[in-house]
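Colleague: Next up, start_11.txt (compact mmCIF, C-alpha atoms).
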# COMPACT_ATOMS: atom_id res chain seq x y z
CA ALA A 196 0.00 0.00 0.00
CA GLN A 197 1.06 3.54 -0.68
CA THR A 198 1.21 6.35 1.87
CA VAL A 199 1.67 10.09 1.40
CA THR A 200 2.74 12.43 4.19
CA GLN A 201 2.63 16.22 4.31
CA SER A 202 4.28 17.34 7.52
CA GLN A 203 3.39 21.05 7.31
CA PRO A 204 -0.26 21.57 8.31
CA GLU A 205 -0.06 25.34 7.75
CA MET A 206 2.27 27.84 6.11
CA SER A 207 2.11 31.57 5.65
CA VAL A 208 4.24 33.86 3.46
CA GLN A 209 4.13 37.39 2.10
CA GLU A 210 3.01 38.12 -1.41
CA ALA A 211 5.81 37.82 -4.01
CA GLU A 212 7.87 35.51 -1.79
CA THR A 213 8.85 31.97 -2.72
CA VAL A 214 7.43 29.11 -0.70
CA THR A 215 8.14 25.38 -0.69
CA LEU A 216 5.64 22.74 0.43
CA SER A 217 6.97 19.34 1.45
CA CYS A 218 5.68 15.88 0.64
CA THR A 219 7.10 12.43 1.24
CA TYR A 220 5.64 9.13 0.13
CA ASP A 221 6.19 5.45 0.48
CA THR A 222 5.69 2.82 -2.19
CA SER A 223 7.24 -0.36 -3.49
CA GLU A 224 6.13 0.44 -7.04
CA ASN A 225 8.53 1.62 -9.74
CA ASN A 226 6.04 3.18 -12.14
CA TYR A 227 3.82 5.89 -10.74
CA TYR A 228 2.84 9.53 -10.90
CA LEU A 229 2.85 12.24 -8.28
CA PHE A 230 0.52 15.21 -8.26
CA TRP A 231 -0.09 18.47 -6.48
CA TYR A 232 -3.71 19.56 -6.24
CA LYS A 233 -4.90 22.95 -5.04
CA GLN A 234 -8.18 23.43 -3.16
CA PRO A 235 -9.17 27.10 -2.78
CA PRO A 236 -12.00 28.17 -0.45
CA SER A 237 -14.47 27.32 -3.22
CA ARG A 238 -13.65 23.65 -2.46
CA GLN A 239 -12.88 22.92 -6.12
CA MET A 240 -9.91 20.54 -6.58
CA ILE A 241 -7.54 21.87 -9.24
CA LEU A 242 -4.52 20.03 -10.64
CA VAL A 243 -1.41 22.19 -10.25
CA ILE A 244 1.36 19.96 -11.54
CA ARG A 245 2.21 16.30 -12.12
CA GLN A 246 5.44 14.29 -12.28
CA GLU A 247 6.13 10.92 -13.86
CA ALA A 248 8.38 8.81 -11.67
CA TYR A 249 10.52 7.57 -14.53
CA LYS A 250 11.35 11.11 -15.66
CA GLN A 251 14.36 12.57 -13.91
CA GLN A 252 13.59 16.11 -15.06
CA ASN A 253 11.52 18.05 -12.58
CA ALA A 254 8.15 19.27 -13.85
CA THR A 255 7.42 22.99 -14.10
CA GLU A 256 4.22 24.92 -14.81
CA ASN A 257 4.77 28.67 -14.92
CA ARG A 258 5.40 29.75 -11.29
CA PHE A 259 5.06 26.20 -9.97
CA SER A 260 7.86 23.67 -9.97
CA VAL A 261 8.66 20.47 -8.16
CA ASN A 262 11.76 18.94 -6.65
CA PHE A 263 11.38 15.21 -7.20
CA GLN A 264 13.86 13.02 -5.36
CA LYS A 265 12.92 9.44 -6.23
CA ALA A 266 15.47 7.70 -4.03
CA ALA A 267 14.46 9.79 -1.03
CA LYS A 268 10.75 9.48 -1.97
CA SER A 269 10.35 13.20 -1.70
CA PHE A 270 8.19 15.48 -3.86
CA SER A 271 8.16 19.15 -2.87
CA LEU A 272 6.27 21.98 -4.57
CA LYS A 273 7.87 25.39 -5.02
CA ILE A 274 5.70 28.41 -5.71
CA SER A 275 7.64 31.41 -6.97
CA ASP A 276 6.44 35.02 -6.86
CA SER A 277 3.47 33.96 -4.74
CA GLN A 278 0.14 35.68 -5.35
CA LEU A 279 -2.93 36.23 -3.18
CA GLY A 280 -4.80 33.78 -5.40
CA ASP A 281 -2.41 31.03 -4.36
CA THR A 282 -4.06 30.98 -0.92
CA ALA A 283 -5.52 27.46 -0.67
CA MET A 284 -5.12 23.96 0.69
CA TYR A 285 -2.51 22.02 -1.24
CA PHE A 286 -2.61 18.25 -1.46
CA CYS A 287 0.14 15.94 -2.60
CA ALA A 288 -1.15 12.75 -4.23
CA PHE A 289 0.19 9.44 -5.54
CA GLY A 290 -1.22 7.45 -8.45
CA LEU A 291 -0.15 4.28 -10.23
CA SER A 292 0.88 4.29 -13.88
CA GLN A 293 -1.75 1.86 -15.06
CA GLY A 294 -5.43 1.42 -14.57
CA ALA A 295 -7.88 3.68 -12.82
CA GLN A 296 -6.54 6.83 -11.13
CA LYS A 297 -6.98 5.70 -7.55
CA LEU A 298 -5.24 8.56 -5.86
CA VAL A 299 -3.71 8.43 -2.39
CA PHE A 300 -3.64 11.89 -0.85
CA GLY A 301 -1.57 13.48 1.85
CA GLN A 302 -3.15 15.36 4.75
CA GLY A 303 -2.82 18.73 3.05
CA THR A 304 -1.01 22.00 3.75
CA ARG A 305 -3.01 25.18 4.27
CA LEU A 306 -1.08 27.98 2.55
CA THR A 307 -1.89 31.62 3.22
CA ILE A 308 -0.41 34.40 1.11
CA ASN A 309 -0.45 37.70 2.99
CA PRO A 310 -0.61 41.10 1.24
CA ASN M 130 -18.63 22.37 -20.33
CA ALA M 131 -20.00 21.30 -16.93
CA GLY M 132 -17.32 18.66 -16.15
CA VAL M 133 -18.33 16.73 -13.01
CA THR M 134 -21.62 17.66 -11.39
CA GLN M 135 -22.62 16.54 -7.90
CA THR M 136 -25.95 16.90 -6.19
CA PRO M 137 -26.82 18.00 -3.60
CA LYS M 138 -24.22 20.56 -2.48
CA PHE M 139 -25.28 20.44 1.17
CA GLN M 140 -27.32 17.95 3.21
CA VAL M 141 -28.21 17.38 6.84
CA LEU M 142 -29.36 13.91 7.84
CA LYS M 143 -30.52 12.38 11.06
CA THR M 144 -28.76 9.27 12.31
CA GLY M 145 -30.26 6.23 10.62
CA GLN M 146 -31.63 8.05 7.59
CA SER M 147 -30.60 7.04 4.10
CA MET M 148 -29.66 9.14 1.10
CA THR M 149 -28.02 8.93 -2.31
CA LEU M 150 -25.40 11.33 -3.61
CA GLN M 151 -25.58 11.78 -7.35
CA CYS M 152 -22.66 12.36 -9.71
CA ALA M 153 -22.56 12.86 -13.46
CA GLN M 154 -19.69 13.66 -15.83
CA ASP M 155 -19.85 14.87 -19.41
CA MET M 156 -16.23 14.19 -20.43
CA ASN M 157 -16.80 10.62 -21.64
CA HIS M 158 -14.40 9.30 -19.01
CA ASN M 159 -14.23 5.61 -18.31
CA SER M 160 -13.39 5.81 -14.61
CA MET M 161 -15.27 7.44 -11.75
CA TYR M 162 -14.53 7.74 -8.03
CA TRP M 163 -15.98 8.73 -4.69
CA TYR M 164 -13.75 10.30 -2.04
CA ARG M 165 -14.42 11.71 1.39
CA GLN M 166 -12.49 14.61 2.88
CA ASP M 167 -12.06 14.96 6.62
CA PRO M 168 -9.99 17.60 8.46
CA GLY M 169 -6.36 16.58 8.82
CA MET M 170 -6.81 13.44 6.72
CA GLY M 171 -6.86 14.61 3.14
CA LEU M 172 -9.11 12.78 0.68
CA ARG M 173 -9.70 9.06 1.02
CA LEU M 174 -11.10 6.78 -1.64
CA ILE M 175 -14.45 5.18 -0.78
CA TYR M 176 -15.33 3.31 -3.98
CA TYR M 177 -14.39 3.55 -7.61
CA SER M 178 -15.57 2.31 -10.97
CA ALA M 179 -12.73 1.64 -13.40
CA SER M 180 -15.15 1.24 -16.29
CA GLU M 181 -18.88 1.01 -16.90
CA GLY M 182 -20.24 -2.16 -15.29
CA THR M 183 -17.53 -2.50 -12.64
CA THR M 184 -17.21 -1.18 -9.10
CA ASP M 185 -14.55 -1.81 -6.46
CA LYS M 186 -13.89 -0.88 -2.85
CA GLY M 187 -11.41 1.78 -1.96
CA GLU M 188 -9.77 2.54 1.36
CA VAL M 189 -12.90 3.33 3.41
CA PRO M 190 -15.94 1.50 1.92
CA ASN M 191 -17.79 0.51 5.12
CA GLY M 192 -21.27 2.00 5.38
CA TYR M 193 -21.51 2.89 1.68
CA ASN M 194 -22.78 1.38 -1.53
CA VAL M 195 -22.34 2.56 -5.09
CA SER M 196 -24.01 2.15 -8.45
CA ARG M 197 -22.48 2.84 -11.85
CA LEU M 198 -25.74 3.62 -13.59
CA ASN M 199 -24.17 4.20 -17.01
CA LYS M 200 -20.94 5.67 -18.35
CA ARG M 201 -21.92 9.18 -17.19
CA GLU M 202 -23.36 8.53 -13.74
CA PHE M 203 -22.00 7.09 -10.50
CA SER M 204 -24.02 7.32 -7.29
CA LEU M 205 -23.05 6.84 -3.65
CA ARG M 206 -25.62 5.58 -1.15
CA LEU M 207 -25.62 5.78 2.62
CA GLU M 208 -28.11 3.17 3.83
CA SER M 209 -28.13 4.15 7.51
CA ALA M 210 -26.24 7.34 8.13
CA ALA M 211 -23.99 7.65 11.17
CA PRO M 212 -22.31 10.74 12.69
CA SER M 213 -18.94 9.30 11.60
CA GLN M 214 -20.07 9.82 8.01
CA THR M 215 -20.17 13.58 8.49
CA SER M 216 -17.73 14.72 5.82
CA VAL M 217 -17.30 16.44 2.49
CA TYR M 218 -17.81 14.00 -0.38
CA PHE M 219 -16.17 14.41 -3.76
CA CYS M 220 -16.94 12.64 -6.98
CA ALA M 221 -14.20 12.53 -9.64
CA SER M 222 -13.68 11.12 -13.10
CA SER M 223 -10.69 10.36 -15.30
CA GLU M 224 -9.51 8.34 -18.24
CA MET M 225 -8.29 4.89 -17.30
CA ASP M 226 -4.67 5.75 -18.06
CA GLY M 227 -2.01 6.32 -15.48
CA GLY M 228 -1.09 9.91 -14.83
CA THR M 229 -4.13 11.45 -16.43
CA GLU M 230 -5.81 14.30 -14.64
CA ALA M 231 -8.69 13.47 -12.34
CA PHE M 232 -11.50 16.01 -12.55
CA PHE M 233 -13.47 16.66 -9.38
CA GLY M 234 -16.96 17.85 -8.63
CA GLN M 235 -17.55 20.70 -6.22
CA GLY M 236 -18.27 18.42 -3.30
CA THR M 237 -21.21 17.66 -1.03
CA ARG M 238 -21.03 18.76 2.59
CA LEU M 239 -22.94 16.14 4.57
CA THR M 240 -23.74 16.51 8.25
CA VAL M 241 -25.24 13.61 10.20
CA VAL M 242 -26.80 14.62 13.51
For this file, produce the structure as structure tokens.

Modeller:
Amino acid sequence: AQTVTQSQPEMSVQEAETVTLSCTYDTSENNYYLFWYKQPPSRQMILVIRQEAYKQQNATENRFSVNFQKAAKSFSLKISDSQLGDTAMYFCAFGLSQGAQKLVFGQGTRLTINP
Amino acid sequence: NAGVTQTPKFQVLKTGQSMTLQCAQDMNHNSMYWYRQDPGMGLRLIYYSASEGTTDKGEVPNGYNVSRLNKREFSLRLESAAPSQTSVYFCASSEMDGGTEAFFGQGTRLTVV
């Protein structure tokens, strides 16, 4: 079975700063994906970024990038030039490479961007 | 494009009552899922349907039943609600390929008193 752990329940930074959210996971699988989902106060779950485990290059999406360390089973999310609209819960999630997308989520990190 | 639509958005039940949460997707996805979200625990998978005609248990299936009515619709039923089932419920859908994006509904906040 897979587990995902987010050890930072809450974080707070000033607008325009850079912030890094941590995530560790445990699995015996070799082929999998990792995801970061954002949940703003509207409750809508929004995919921020995804990483394929077999790709060594870290994924980037505009201001969002990840630091994927497969051997250490670590998958952190870096948000650069943070904006007020980045205020949300962020969930790290694990999914296998084949079959239905049965995601295993971490506990979440509540991120607040202050003006 | 509506995506994934859940009804109702909010519900209060008394202990022992039953109800069905409805979910429909218009993206022609093969797979559909039901998750529950509790404070400090993230989202946990209740049941899923990999393809039309199949359903399987997830991590926390006790107290729930599901029906994959057709390719578009996947319902979650609470036969005898308990206070421990107070939660926010999310329906999601995706293609049945690893790494594809799962699309979520806006959630149902259920309170059992």

Colleague: List as number ranges by chain the protein and nucleic acid residues near segment 252-267 of chain A, meaning an atom at most 12 Å away when only C-alpha atoms are counted, but skip any in the same chain fewer than 3 places from it.

Modeller: A: 211-233, 242-249, 270-278, 281, 287

Colleague: Using Å and a single decimal, report how far atom CA of Ile241 of chain A sits from atom CA of Gly236 of chain M.

Modeller: 12.7 Å

Colleague: Between A:Lys268, A:Arg238, A:Lys250, A:Arg305, single out the one closest to chain M, counting only C-alpha atoms.

Modeller: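 Using only C-alpha atoms, chain M sits closest to A:Arg238.
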
Colleague: Neighbouring residues of Leu306 of chain A were defined as those with any atom within 10 Å, considering only C-alpha atoms; residues of the same chain fewer than 6 positions away were excluded. Please report them as a compact mmCIF listing (two decimals) with C-alpha atoms, keeping the file's coordinate frame.

Modeller:
# COMPACT_ATOMS: atom_id res chain seq x y z
CA GLN A 203 3.39 21.05 7.31
CA PRO A 204 -0.26 21.57 8.31
CA GLU A 205 -0.06 25.34 7.75
CA MET A 206 2.27 27.84 6.11
CA SER A 207 2.11 31.57 5.65
CA VAL A 208 4.24 33.86 3.46
CA VAL A 214 7.43 29.11 -0.70
CA LEU A 216 5.64 22.74 0.43
CA LYS A 233 -4.90 22.95 -5.04
CA PRO A 235 -9.17 27.10 -2.78
CA ASP A 281 -2.41 31.03 -4.36
CA THR A 282 -4.06 30.98 -0.92
CA ALA A 283 -5.52 27.46 -0.67
CA MET A 284 -5.12 23.96 0.69
CA TYR A 285 -2.51 22.02 -1.24

Colleague: Which residues of chain A are close to chain M, meaning at most 6 Å apart when you count only C-alpha atoms, and how do they look as a PyMOL selection string?

Modeller: chain A and resi 228+239-240+291-295+300-303

Colleague: Which residues come within 7 Å of Pro137 of chain M, counting all atoms listed in the file, excluding same-chain residues fewer than 2 positions away, as number ranges by chain?

Modeller: M: 135, 139-140, 150, 237

Colleague: I'd like to know which of M:Val242, M:Phe203, M:Tyr218, M:Val195 is closest to Glu181 of chain M, using all atoms listed in the file.

Modeller: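 Result for the nearest residue to Glu181 of chain M: M:Phe203.
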
Colleague: Quick check, in Å to one decimal: how far apart do atom CA of Gln154 of chain M and atom CA of Cys220 of chain M lie?

Modeller: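 Separation between atom CA of Gln154 of chain M and atom CA of Cys220 of chain M: 9.3 Å.
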
Colleague: At what distance in Å, to one decimal, does atom CA of Gly182 of chain M lie from atom CA of Lys200 of chain M?

Modeller: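 Computing it gives 8.4 Å between the two atoms.
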
Colleague: Quick one: of A:Gln296, A:Thr200, A:Ser237, A:Thr304, who's nearest to Gly280 of chain A, counting all atoms listed in the file?

Modeller: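 When distances to Gly280 of chain A are compared using all atoms listed in the file, the smallest one comes from A:Ser237.
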
Colleague: Would you please work out which residue, of A:Pro236, A:Gly290, A:Gln209, A:Gln251, is nearest to Ile308 of chain A when using all atoms listed in the file?

Modeller: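 Once distances to Ile308 of chain A are computed over all atoms listed in the file, the minimum belongs to A:Gln209.
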
Colleague: So, with only C-alpha atoms as the atoms that count, which of M:Gln151, M:Lys138, M:Lys143, M:Ala131 lies closest to Thr240 of chain M?

Modeller: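 Using only C-alpha atoms, the shortest distance to Thr240 of chain M belongs to M:Lys143.
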
Colleague: Taking 2 positions as the minimum chain separation for residues in the same chain, which residues sit within 10 Å of Glu208 of chain M when counting only C-alpha atoms? Answer as a VMD selection string.

Modeller: chain M and resid 145 to 149 192 to 194 205 to 206 210 to 211

Colleague: Could you write out the selected residues, including C-alpha atoms, as an mmCIF file, in the frame of the given file?

Modeller:
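Writing the result to again-v8.cif gives the following:
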data_model
loop_
_atom_site.group_PDB
_atom_site.id
_atom_site.type_symbol
_atom_site.label_atom_id
_atom_site.label_comp_id
_atom_site.auth_asym_id
_atom_site.auth_seq_id
_atom_site.Cartn_x
_atom_site.Cartn_y
_atom_site.Cartn_z
ATOM 1 C CA GLY M 145 -30.260 6.230 10.620
ATOM 2 C CA GLN M 146 -31.630 8.050 7.590
ATOM 3 C CA SER M 147 -30.600 7.040 4.100
ATOM 4 C CA MET M 148 -29.660 9.140 1.100
ATOM 5 C CA THR M 149 -28.020 8.930 -2.310
ATOM 6 C CA GLY M 192 -21.270 2.000 5.380
ATOM 7 C CA TYR M 193 -21.510 2.890 1.680
ATOM 8 C CA ASN M 194 -22.780 1.380 -1.530
ATOM 9 C CA LEU M 205 -23.050 6.840 -3.650
ATOM 10 C CA ARG M 206 -25.620 5.580 -1.150
ATOM 11 C CA ALA M 210 -26.240 7.340 8.130
ATOM 12 C CA ALA M 211 -23.990 7.650 11.170
#

Colleague: Add whatever atoms are absent from segment 196-207 of chain A to reach all heavy atoms, and provide the output as a short mmCIF file (atom, residue, chain, number, x, y, z; two decimals), in the coordinates of the input.

Modeller:
data_model
loop_
_atom_site.label_atom_id
_atom_site.label_comp_id
_atom_site.auth_asym_id
_atom_site.auth_seq_id
_atom_site.Cartn_x
_atom_site.Cartn_y
_atom_site.Cartn_z
N ALA A 196 0.84 -1.19 0.00
CA ALA A 196 0.00 0.00 0.00
C ALA A 196 0.88 1.25 0.00
O ALA A 196 1.99 1.23 0.49
CB ALA A 196 -0.92 0.01 1.22
N GLN A 197 0.32 2.29 -0.59
CA GLN A 197 1.06 3.54 -0.68
C GLN A 197 0.62 4.49 0.44
O GLN A 197 -0.54 4.47 0.85
CB GLN A 197 0.77 4.22 -2.01
CG GLN A 197 1.47 3.60 -3.21
CD GLN A 197 0.98 2.20 -3.57
OE1 GLN A 197 1.76 1.26 -3.70
NE2 GLN A 197 -0.33 2.07 -3.72
N THR A 198 1.54 5.30 0.91
CA THR A 198 1.21 6.35 1.87
C THR A 198 1.84 7.65 1.40
O THR A 198 2.90 7.65 0.76
CB THR A 198 1.70 6.04 3.29
OG1 THR A 198 3.11 5.88 3.25
CG2 THR A 198 1.05 4.77 3.83
N VAL A 199 1.18 8.76 1.73
CA VAL A 199 1.67 10.09 1.40
C VAL A 199 1.60 10.94 2.66
O VAL A 199 0.56 10.96 3.33
CB VAL A 199 0.82 10.73 0.28
CG1 VAL A 199 1.30 12.14 -0.02
CG2 VAL A 199 0.86 9.87 -0.98
N THR A 200 2.68 11.64 2.96
CA THR A 200 2.74 12.43 4.19
C THR A 200 3.13 13.87 3.88
O THR A 200 4.13 14.14 3.21
CB THR A 200 3.77 11.84 5.16
OG1 THR A 200 3.43 10.48 5.46
CG2 THR A 200 3.81 12.64 6.47
N GLN A 201 2.30 14.80 4.37
CA GLN A 201 2.63 16.22 4.31
C GLN A 201 2.78 16.68 5.75
O GLN A 201 1.82 16.68 6.51
CB GLN A 201 1.51 16.99 3.60
CG GLN A 201 1.37 16.63 2.14
CD GLN A 201 0.23 17.36 1.47
OE1 GLN A 201 -0.77 16.75 1.11
NE2 GLN A 201 0.38 18.67 1.30
N SER A 202 3.97 17.08 6.11
CA SER A 202 4.28 17.34 7.52
C SER A 202 4.05 18.79 7.94
O SER A 202 4.24 19.13 9.11
CB SER A 202 5.74 16.97 7.79
OG SER A 202 6.59 17.70 6.94
N GLN A 203 3.63 19.64 6.99
CA GLN A 203 3.39 21.05 7.31
C GLN A 203 1.89 21.32 7.25
O GLN A 203 1.36 21.55 6.17
CB GLN A 203 4.11 21.95 6.30
CG GLN A 203 5.61 21.70 6.19
CD GLN A 203 6.14 22.10 4.82
OE1 GLN A 203 5.57 21.71 3.80
NE2 GLN A 203 7.22 22.87 4.78
N PRO A 204 1.19 21.33 8.36
CA PRO A 204 -0.26 21.57 8.31
C PRO A 204 -0.60 22.98 7.80
O PRO A 204 -1.59 23.15 7.08
CB PRO A 204 -0.71 21.42 9.76
CG PRO A 204 0.38 20.65 10.42
CD PRO A 204 1.65 21.01 9.70
N GLU A 205 0.22 23.96 8.16
CA GLU A 205 -0.06 25.34 7.75
C GLU A 205 1.24 26.06 7.43
O GLU A 205 2.27 25.82 8.06
CB GLU A 205 -0.78 26.10 8.87
CG GLU A 205 -2.17 25.58 9.19
CD GLU A 205 -2.91 26.49 10.15
OE1 GLU A 205 -2.56 27.68 10.24
OE2 GLU A 205 -3.83 26.01 10.82
N MET A 206 1.15 26.96 6.43
CA MET A 206 2.27 27.84 6.11
C MET A 206 1.71 29.20 5.73
O MET A 206 0.58 29.31 5.23
CB MET A 206 3.09 27.28 4.95
CG MET A 206 3.76 25.95 5.24
SD MET A 206 4.87 25.46 3.93
CE MET A 206 6.22 26.61 4.17
N SER A 207 2.54 30.21 5.94
CA SER A 207 2.11 31.57 5.65
C SER A 207 3.31 32.36 5.14
O SER A 207 4.38 32.30 5.75
CB SER A 207 1.54 32.22 6.91
OG SER A 207 1.16 33.56 6.67
#
